[in-house]
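Okay, coords_5.cif is below, mmCIF, C-alpha atoms:
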```cif
data_protein
loop_
_atom_site.label_atom_id
_atom_site.label_comp_id
_atom_site.auth_asym_id
_atom_site.auth_seq_id
_atom_site.Cartn_x
_atom_site.Cartn_y
_atom_site.Cartn_z
CA MET A 1 8.97 9.75 -35.20
CA LYS A 2 12.11 8.97 -37.16
CA LEU A 3 12.83 9.85 -40.77
CA GLU A 4 13.78 6.20 -41.31
CA THR A 5 10.18 5.25 -40.48
CA ILE A 6 8.87 7.48 -43.28
CA ILE A 7 11.44 6.06 -45.72
CA ASP A 8 10.60 2.47 -44.75
CA ARG A 9 6.89 3.14 -45.28
CA ALA A 10 7.65 4.64 -48.72
CA LYS A 11 9.72 1.58 -49.67
CA VAL A 12 6.70 -0.66 -49.02
CA MET A 13 4.94 1.05 -51.94
CA GLY A 14 7.34 -0.81 -54.25
CA LEU A 15 8.24 2.22 -56.35
CA PRO A 16 11.84 3.15 -57.15
CA LEU A 17 13.08 5.43 -54.33
CA ALA A 18 16.17 7.66 -54.13
CA LYS A 19 17.60 10.28 -51.82
CA ASP A 20 17.80 13.71 -53.50
CA ALA A 21 17.71 12.41 -57.11
CA PHE A 22 18.31 9.41 -59.30
CA ARG A 23 21.77 9.44 -60.90
CA GLU A 24 21.76 8.18 -64.47
CA THR A 25 24.67 6.00 -65.56
CA LYS A 26 25.18 3.48 -68.35
CA GLU A 27 24.59 0.66 -65.88
CA ASN A 28 21.64 2.35 -64.14
CA PRO A 29 19.29 4.31 -66.40
CA LEU A 30 16.70 6.59 -64.85
CA PRO A 31 13.60 4.72 -63.71
CA VAL A 32 10.36 4.93 -65.64
CA PRO A 33 7.73 6.90 -63.66
CA PRO A 34 6.14 6.58 -61.24
CA TYR A 35 8.96 6.91 -58.73
CA LEU A 36 9.71 8.63 -55.41
CA VAL A 37 12.47 10.93 -54.24
CA TYR A 38 13.01 12.08 -50.67
CA ILE A 39 14.91 15.24 -49.84
CA VAL A 40 16.33 16.36 -46.52
CA PRO A 41 17.59 19.89 -47.11
CA GLN A 42 17.80 20.89 -43.45
CA ALA A 43 18.13 19.34 -39.99
CA VAL A 44 18.46 21.47 -36.87
CA GLY A 45 19.80 20.07 -33.60
CA ARG A 46 18.25 21.26 -30.37
CA GLY A 47 19.31 20.21 -26.91
CA SER A 48 17.49 20.38 -23.62
CA ASP A 49 20.37 19.02 -21.56
CA GLU A 50 23.72 17.31 -21.99
CA ARG A 51 22.25 13.94 -22.94
CA ILE A 52 19.15 14.42 -25.07
CA LEU A 53 19.23 16.13 -28.42
CA LEU A 54 16.18 16.84 -30.52
CA HIS A 55 16.64 16.90 -34.29
CA GLU A 56 14.14 19.03 -36.20
CA ILE A 57 14.17 17.61 -39.71
CA HIS A 58 12.61 19.49 -42.61
CA ALA A 59 12.08 17.04 -45.47
CA ALA A 60 10.06 16.36 -48.60
CA LEU A 61 8.75 13.27 -50.35
CA GLU A 62 8.17 13.77 -54.05
CA LEU A 63 6.13 11.56 -56.35
CA TYR A 64 6.86 11.75 -60.08
CA THR A 65 4.29 10.41 -62.53
CA ASP A 66 3.80 10.48 -66.30
CA LYS A 67 1.74 13.40 -67.62
CA VAL A 68 -1.29 12.98 -65.35
CA ALA A 69 -1.07 12.75 -61.58
CA ASP A 70 -1.95 9.32 -60.22
CA ASN A 71 -4.51 9.92 -57.48
CA SER A 72 -4.31 6.33 -56.25
CA LEU A 73 -0.58 6.73 -55.53
CA GLU A 74 -1.21 10.05 -53.82
CA LYS A 75 -3.86 8.42 -51.68
CA GLU A 76 -1.46 5.59 -50.79
CA ILE A 77 1.20 8.09 -49.71
CA GLU A 78 -1.30 10.06 -47.64
CA GLU A 79 -2.90 7.00 -46.00
CA ASN A 80 0.09 4.67 -45.59
CA VAL A 81 3.26 6.78 -45.53
CA LEU A 82 2.40 10.19 -44.06
CA PHE A 83 -0.79 9.33 -42.16
CA ASP A 84 0.60 10.56 -38.81
CA VAL A 85 2.65 13.50 -40.09
CA GLU A 86 1.47 17.03 -40.87
CA TYR A 87 2.44 17.94 -44.42
CA THR A 88 1.97 20.56 -47.08
CA LYS A 89 1.13 19.16 -50.50
CA TYR A 90 1.67 20.84 -53.82
CA GLN A 91 1.64 19.70 -57.42
CA GLU A 92 3.42 20.96 -60.48
CA THR A 93 3.58 19.91 -64.12
CA ILE A 94 7.09 19.59 -65.54
CA GLU A 95 6.34 20.39 -69.16
CA SER A 96 9.87 19.75 -70.44
CA GLU A 97 9.74 16.15 -69.20
CA ASP A 98 6.02 15.45 -69.64
CA MET A 99 5.73 14.63 -65.94
CA VAL A 100 3.82 15.68 -62.85
CA GLN A 101 5.53 16.22 -59.52
CA THR A 102 3.46 15.88 -56.35
CA ALA A 103 5.49 17.00 -53.34
CA TYR A 104 4.80 16.56 -49.65
CA GLU A 105 6.82 18.81 -47.36
CA PHE A 106 6.91 17.94 -43.67
CA THR A 107 8.84 18.44 -40.44
CA ILE A 108 9.53 15.69 -37.97
CA TYR A 109 11.31 15.68 -34.63
CA GLU A 110 13.71 12.88 -33.67
CA LYS A 111 14.98 12.33 -30.16
CA VAL A 112 18.63 11.34 -30.18
CA ARG A 113 20.36 10.12 -27.04
CA LYS A 114 23.99 11.09 -26.76
CA LYS A 115 26.36 8.41 -25.56
CA GLY A 116 28.04 9.04 -22.30
#
```
As structure tokens, how would this structure be written, given the file I've shared?
Amino acid sequence: MKLETIIDRAKVMGLPLAKDAFRETKENPLPVPPYLVYIVPQAVGRGSDERILLHEIHAALELYTDKVADNSLEKEIEENVLFDVEYTKYQETIESEDMVQTAYEFTIYEKVRKKG
């Protein structure tokens, strides 16, 4: 499994998607919810020999919705984006922004072949 596969599946949902966070500028205001953010806080490289390296990637996909969580979007993420990945799901209300964050934390392993 590659992280790019997860990101590509999330893009198919048609929601705005950013790495880490959306950056607000005059030209690009913040998107109106719902939107997705993916976060990759840690990747660990592991090697079994000189040529093959295994990347252990700890990541999260976060869904932001207005006020009330959108169960249909959660279901779409679970059935179409993360259907073959073990994840931990949690939900939190962000009172100051009148939003709900539904986060999916997961770990995937990517095989990377070294050149040479």
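Taking atom CA of Met1 of chain A as the reference point, atom CA of Leu82 of chain A is found at 11.0 Å.
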Residue nearest Tyr38 of chain A among A:Val85, A:Val100, A:Val12, A:Ile6 (counting all atoms listed in the file):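 Ranked by minimum distance to Tyr38 of chain A, first place goes to A:Ile6.
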Please build the interface table for segment 47-90 of chain A against segment 15-23 of chain A with a cut-off of 12 Å, listing for each qualifying residue the nearest atom pair and the distance in Å to one decimal; count only C-alpha atoms, order rows by chain and increasing number, and write it as JSON lines.
```
{"residue": "A:Ala59", "atom": "CA", "partner": "A:Asp20", "partner_atom": "CA", "distance": 10.4}
{"residue": "A:Ala60", "atom": "CA", "partner": "A:Asp20", "partner_atom": "CA", "distance": 9.5}
{"residue": "A:Leu61", "atom": "CA", "partner": "A:Lys19", "partner_atom": "CA", "distance": 9.5}
{"residue": "A:Glu62", "atom": "CA", "partner": "A:Asp20", "partner_atom": "CA", "distance": 9.6}
{"residue": "A:Leu63", "atom": "CA", "partner": "A:Leu17", "partner_atom": "CA", "distance": 9.5}
{"residue": "A:Tyr64", "atom": "CA", "partner": "A:Leu15", "partner_atom": "CA", "distance": 10.3}
{"residue": "A:Thr65", "atom": "CA", "partner": "A:Leu15", "partner_atom": "CA", "distance": 11.0}
{"residue": "A:Leu73", "atom": "CA", "partner": "A:Leu15", "partner_atom": "CA", "distance": 9.9}
{"residue": "A:Glu76", "atom": "CA", "partner": "A:Leu15", "partner_atom": "CA", "distance": 11.7}
{"residue": "A:Ile77", "atom": "CA", "partner": "A:Leu15", "partner_atom": "CA", "distance": 11.3}
```
Apply the PyMOL selection byres ((chain A and resi 102) around 12) to the displayed file and report the matching residues as a ChimeraX atom specification. /A:34-38,60-71,73-75,77-78,88-94,99-101,103-105
Measuring between only C-alpha atoms, which one of A:Val112, A:Met13, A:Leu3, A:Val32 shows the shortest distance to Leu54 of chain A?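 For Leu54 of chain A, the nearest of the candidates is A:Val112.
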Atom CA of Asp84 of chain A and atom CA of Val40 of chain A, how far apart in Å?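 Interatomic distance, atom CA of Val40 of chain A to atom CA of Asp84 of chain A: 18.5 Å.
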Using only C-alpha atoms for the distances, tell me which of A:Leu30, A:Phe106, A:Val81, A:Glu24 is nearest to Ala10 of chain A.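 Going through A:Leu30, A:Phe106, A:Val81, A:Glu24 one by one, the smallest distance to Ala10 of chain A is for A:Val81.
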Between atom CA of Ile7 of chain A and atom CA of Lys111 of chain A - distance in Å to one decimal: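 Between atom CA of Lys111 of chain A and atom CA of Ile7 of chain A the gap is 17.1 Å.
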Please report, as lines of an AutoDock Vina configuration file, the centre and edge lengths in Å to one decimal of an axis-aligned box covering all listed atoms of segment 84-98 of chain A with 3 Å per side.
```
center_x = 5.2
center_y = 15.8
center_z = -54.6
size_x = 15.3
size_y = 16.4
size_z = 37.6
```
Identify which of the residues A:Glu97, A:Lys26, A:Pro41, A:Pro33 lies closest to Glu56 of chain A, counting only C-alpha atoms when measuring atom-to-atom distances. A:Pro41
